[in-house]
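Dropping input-v4.pdb in here (PDB, C-alpha atoms):
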ATOM      1  CA  MET D  19      89.216  91.308  96.031
ATOM      2  CA  ILE D  20      92.684  91.557  94.515
ATOM      3  CA  GLY D  21      95.812  92.521  96.437
ATOM      4  CA  VAL D  22      99.106  93.664  94.981
ATOM      5  CA  TYR D  23     102.451  94.131  96.628
ATOM      6  CA  ALA D  24     105.272  95.366  94.469
ATOM      7  CA  ILE D  25     108.835  95.566  95.751
ATOM      8  CA  CYS D  26     111.155  98.271  94.419
ATOM      9  CA  GLU D  27     114.894  98.401  95.018
ATOM     10  CA  VAL D  28     115.858 102.021  94.322
ATOM     11  CA  LYS D  29     119.256 103.324  93.265
ATOM     12  CA  ALA D  30     120.792 105.087  96.295
ATOM     13  CA  GLU D  31     121.269 108.356  94.412
ATOM     14  CA  LYS D  32     117.658 108.327  93.143
ATOM     15  CA  LEU D  33     115.701 108.023  96.428
ATOM     16  CA  ALA D  34     114.221 111.548  96.449
ATOM     17  CA  GLU D  35     113.202 111.311  92.804
ATOM     18  CA  PHE D  36     111.626 107.880  93.367
ATOM     19  CA  GLU D  37     109.635 109.155  96.352
ATOM     20  CA  SER D  38     108.315 112.076  94.304
ATOM     21  CA  VAL D  39     107.184 109.835  91.429
ATOM     22  CA  ALA D  40     105.724 107.289  93.876
ATOM     23  CA  LYS D  41     103.738 109.924  95.791
ATOM     24  CA  ASN D  42     102.218 111.226  92.562
ATOM     25  CA  LEU D  43     101.365 107.674  91.487
ATOM     26  CA  VAL D  44      99.734 106.890  94.839
ATOM     27  CA  ASN D  45      97.631 110.059  94.828
ATOM     28  CA  ALA D  46      96.414 109.537  91.263
ATOM     29  CA  SER D  47      95.837 105.791  91.659
ATOM     30  CA  ARG D  48      93.602 106.282  94.673
ATOM     31  CA  GLN D  49      91.144 107.929  92.266
ATOM     32  CA  ASP D  50      91.068 104.972  89.854
ATOM     33  CA  LYS D  51      87.877 102.949  89.507
ATOM     34  CA  GLY D  52      87.868  99.972  91.855
ATOM     35  CA  CYS D  53      90.768 101.130  94.013
ATOM     36  CA  VAL D  54      90.104 100.117  97.624
ATOM     37  CA  SER D  55      93.529 101.227  98.900
ATOM     38  CA  TYR D  56      96.886 102.213  97.418
ATOM     39  CA  ASP D  57      99.972 102.927  99.503
ATOM     40  CA  CYS D  58     103.746 102.991  99.230
ATOM     41  CA  GLY D  59     106.414 103.049 101.912
ATOM     42  CA  LYS D  60     109.996 102.248 102.812
ATOM     43  CA  VAL D  61     110.618  98.660 103.957
ATOM     44  CA  ALA D  62     112.092  98.546 107.469
ATOM     45  CA  GLY D  63     115.564  97.065 107.650
ATOM     46  CA  LYS D  64     116.139  97.005 103.881
ATOM     47  CA  ALA D  65     118.189  99.853 102.473
ATOM     48  CA  ASN D  66     116.700 101.631  99.448
ATOM     49  CA  THR D  67     113.715  99.250  99.311
ATOM     50  CA  TYR D  68     110.102 100.379  99.003
ATOM     51  CA  THR D  69     106.864  98.506  98.517
ATOM     52  CA  PHE D  70     103.529  99.376  97.005
ATOM     53  CA  ILE D  71     100.567  97.752  98.753
ATOM     54  CA  GLU D  72      97.295  97.896  96.839
ATOM     55  CA  ARG D  73      93.766  96.484  97.039
ATOM     56  CA  TRP D  74      91.427  96.376  94.055
ATOM     57  CA  GLU D  75      87.790  95.354  93.749
ATOM     58  CA  SER D  76      88.507  93.150  90.694
ATOM     59  CA  ASP D  77      91.086  91.968  88.163
ATOM     60  CA  ALA D  78      89.388  94.197  85.586
ATOM     61  CA  ASP D  79      89.907  97.268  87.797
ATOM     62  CA  LEU D  80      93.584  96.396  88.277
ATOM     63  CA  ASP D  81      93.984  95.876  84.535
ATOM     64  CA  LEU D  82      92.393  99.247  83.785
ATOM     65  CA  HIS D  83      94.693 100.892  86.355
ATOM     66  CA  THR D  84      97.788  99.586  84.555
ATOM     67  CA  LYS D  85      96.632 101.353  81.369
ATOM     68  CA  GLN D  86      96.191 104.785  82.960
ATOM     69  CA  PRO D  87      98.673 107.532  81.977
ATOM     70  CA  HIS D  88      99.739 108.127  85.587
ATOM     71  CA  PHE D  89     100.677 104.442  85.872
ATOM     72  CA  THR D  90     102.468 104.094  82.536
ATOM     73  CA  GLN D  91     104.403 107.332  83.089
ATOM     74  CA  ALA D  92     105.501 106.188  86.561
ATOM     75  CA  VAL D  93     106.643 102.808  85.224
ATOM     76  CA  GLU D  94     108.673 104.606  82.565
ATOM     77  CA  ALA D  95     110.262 106.869  85.199
ATOM     78  CA  PHE D  96     110.998 103.898  87.459
ATOM     79  CA  SER D  97     113.112 102.299  84.727
ATOM     80  CA  GLU D  98     115.735 104.989  85.386
ATOM     81  CA  LEU D  99     115.353 105.011  89.178
ATOM     82  CA  LEU D 100     115.414 101.335  90.143
ATOM     83  CA  ALA D 101     118.443  99.108  90.675
ATOM     84  CA  LYS D 102     116.510  96.106  89.281
ATOM     85  CA  ASP D 103     113.070  95.259  87.898
ATOM     86  CA  ILE D 104     110.053  95.690  90.157
ATOM     87  CA  GLU D 105     108.915  92.442  91.777
ATOM     88  CA  ILE D 106     105.125  92.456  91.364
ATOM     89  CA  ASN D 107     102.964  90.001  93.300
ATOM     90  CA  VAL D 108      99.205  89.715  92.723
ATOM     91  CA  VAL D 109      97.147  87.989  95.414
ATOM     92  CA  GLU D 110      93.537  86.805  95.357
ATOM     93  CA  LEU D 111      92.321  87.902  98.765
ATOM     94  CA  PHE D 112      89.569  86.173 100.701
TER      95      PHE D 112
END

Before anything else, please render the file you have as structure tokens.
Amino acid sequence: MIGVYAICEVKAEKLAEFESVAKNLVNASRQDKGCVSYDCGKVAGKANTYTFIERWESDADLDLHTKQPHFTQAVEAFSELLAKDIEINVVELF
């Protein structure tokens, strides 16, 4: 099982737009092959910071997810909404 947590620091004036893009990404990603769970939320105590928390059945499923149009379009949108690059962490879960 593969886990992912990705940290996003959002521009203050882009919060509503980020949340809209993120919600669409979450809803579409939950339908992807091998998706066990896919969530996003605001990090407590950190202004304008959100994290995606995902679980995938395999590396291959995660790789396929990153090639889906809903993912690539969200990443493109995030480039205008984030204060800095997304910090992506992939974890091999046991």

Once the PyMOL selection byres ((chain D and resi 52) around 10) is applied to the coordinates I shared, what remains selected? I want it as number ranges by chain.
D: 19, 47-51, 53-55, 73-80, 82-83

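Our summary of the geometry notes that atom CA of Gly21 of chain D is positioned 22.3 Å from atom CA of Phe36 of chain D.
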
Find the residues around Ile71 of chain D up to 6 Å (all atoms listed in the file counted), leave out those fewer than 6 positions away in its own chain, and share them as a tab-separated table (two decimals) with C-alpha atoms, keeping the file's coordinate frame.
chain	number	residue	atom	x	y	z
D	22	VAL	CA	99.11	93.66	94.98
D	23	TYR	CA	102.45	94.13	96.63
D	56	TYR	CA	96.89	102.21	97.42
D	57	ASP	CA	99.97	102.93	99.50

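Nearest to Asn66 of chain D of all the residues D:Lys41, D:Gln86, D:Phe96, D:Ala30 is D:Ala30, based on all atoms listed in the file.
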
Shell of 10 Å around Val39 of chain D, all atoms listed in the file, local chain residues under 4 positions omitted, as a ChimeraX atom specification
/D:34-35,43-44,88,91-93,95-96,99

Using only C-alpha atoms, please write the residues we just selected to a file, as a PDB file, in the coordinates of the input.
ATOM      1  CA  ALA D  34     114.221 111.548  96.449  1.00  0.00           C
ATOM      2  CA  GLU D  35     113.202 111.311  92.804  1.00  0.00           C
ATOM      3  CA  LEU D  43     101.365 107.674  91.487  1.00  0.00           C
ATOM      4  CA  VAL D  44      99.734 106.890  94.839  1.00  0.00           C
ATOM      5  CA  HIS D  88      99.739 108.127  85.587  1.00  0.00           C
ATOM      6  CA  GLN D  91     104.403 107.332  83.089  1.00  0.00           C
ATOM      7  CA  ALA D  92     105.501 106.188  86.561  1.00  0.00           C
ATOM      8  CA  VAL D  93     106.643 102.808  85.224  1.00  0.00           C
ATOM      9  CA  ALA D  95     110.262 106.869  85.199  1.00  0.00           C
ATOM     10  CA  PHE D  96     110.998 103.898  87.459  1.00  0.00           C
ATOM     11  CA  LEU D  99     115.353 105.011  89.178  1.00  0.00           C
TER      12      LEU D  99
END

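Here the question is which of D:Pro87, D:Cys58, D:Glu31, D:Ala101 gets nearest to Glu72 of chain D using only C-alpha atoms, and that residue is D:Cys58.
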
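Rounded to one decimal, atom CA of Thr69 of chain D and atom CA of Cys26 of chain D lie 5.9 Å from each other.
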
Could you list, as an NGL selection string, every residue matched by the PyMOL selection byres ((chain D and resi 27) around 10) in this structure?
:D and (25-26 or 28-30 or 33 or 60-61 or 64-69 or 99-105)

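Nearest to Ile106 of chain D of all the residues D:Ala46, D:Lys32, D:Ala62, D:Ala24 is D:Ala24, based on all atoms listed in the file.
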
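Take atom CA of Ile20 of chain D and atom CA of Gly59 of chain D: the distance between them is 19.4 Å.
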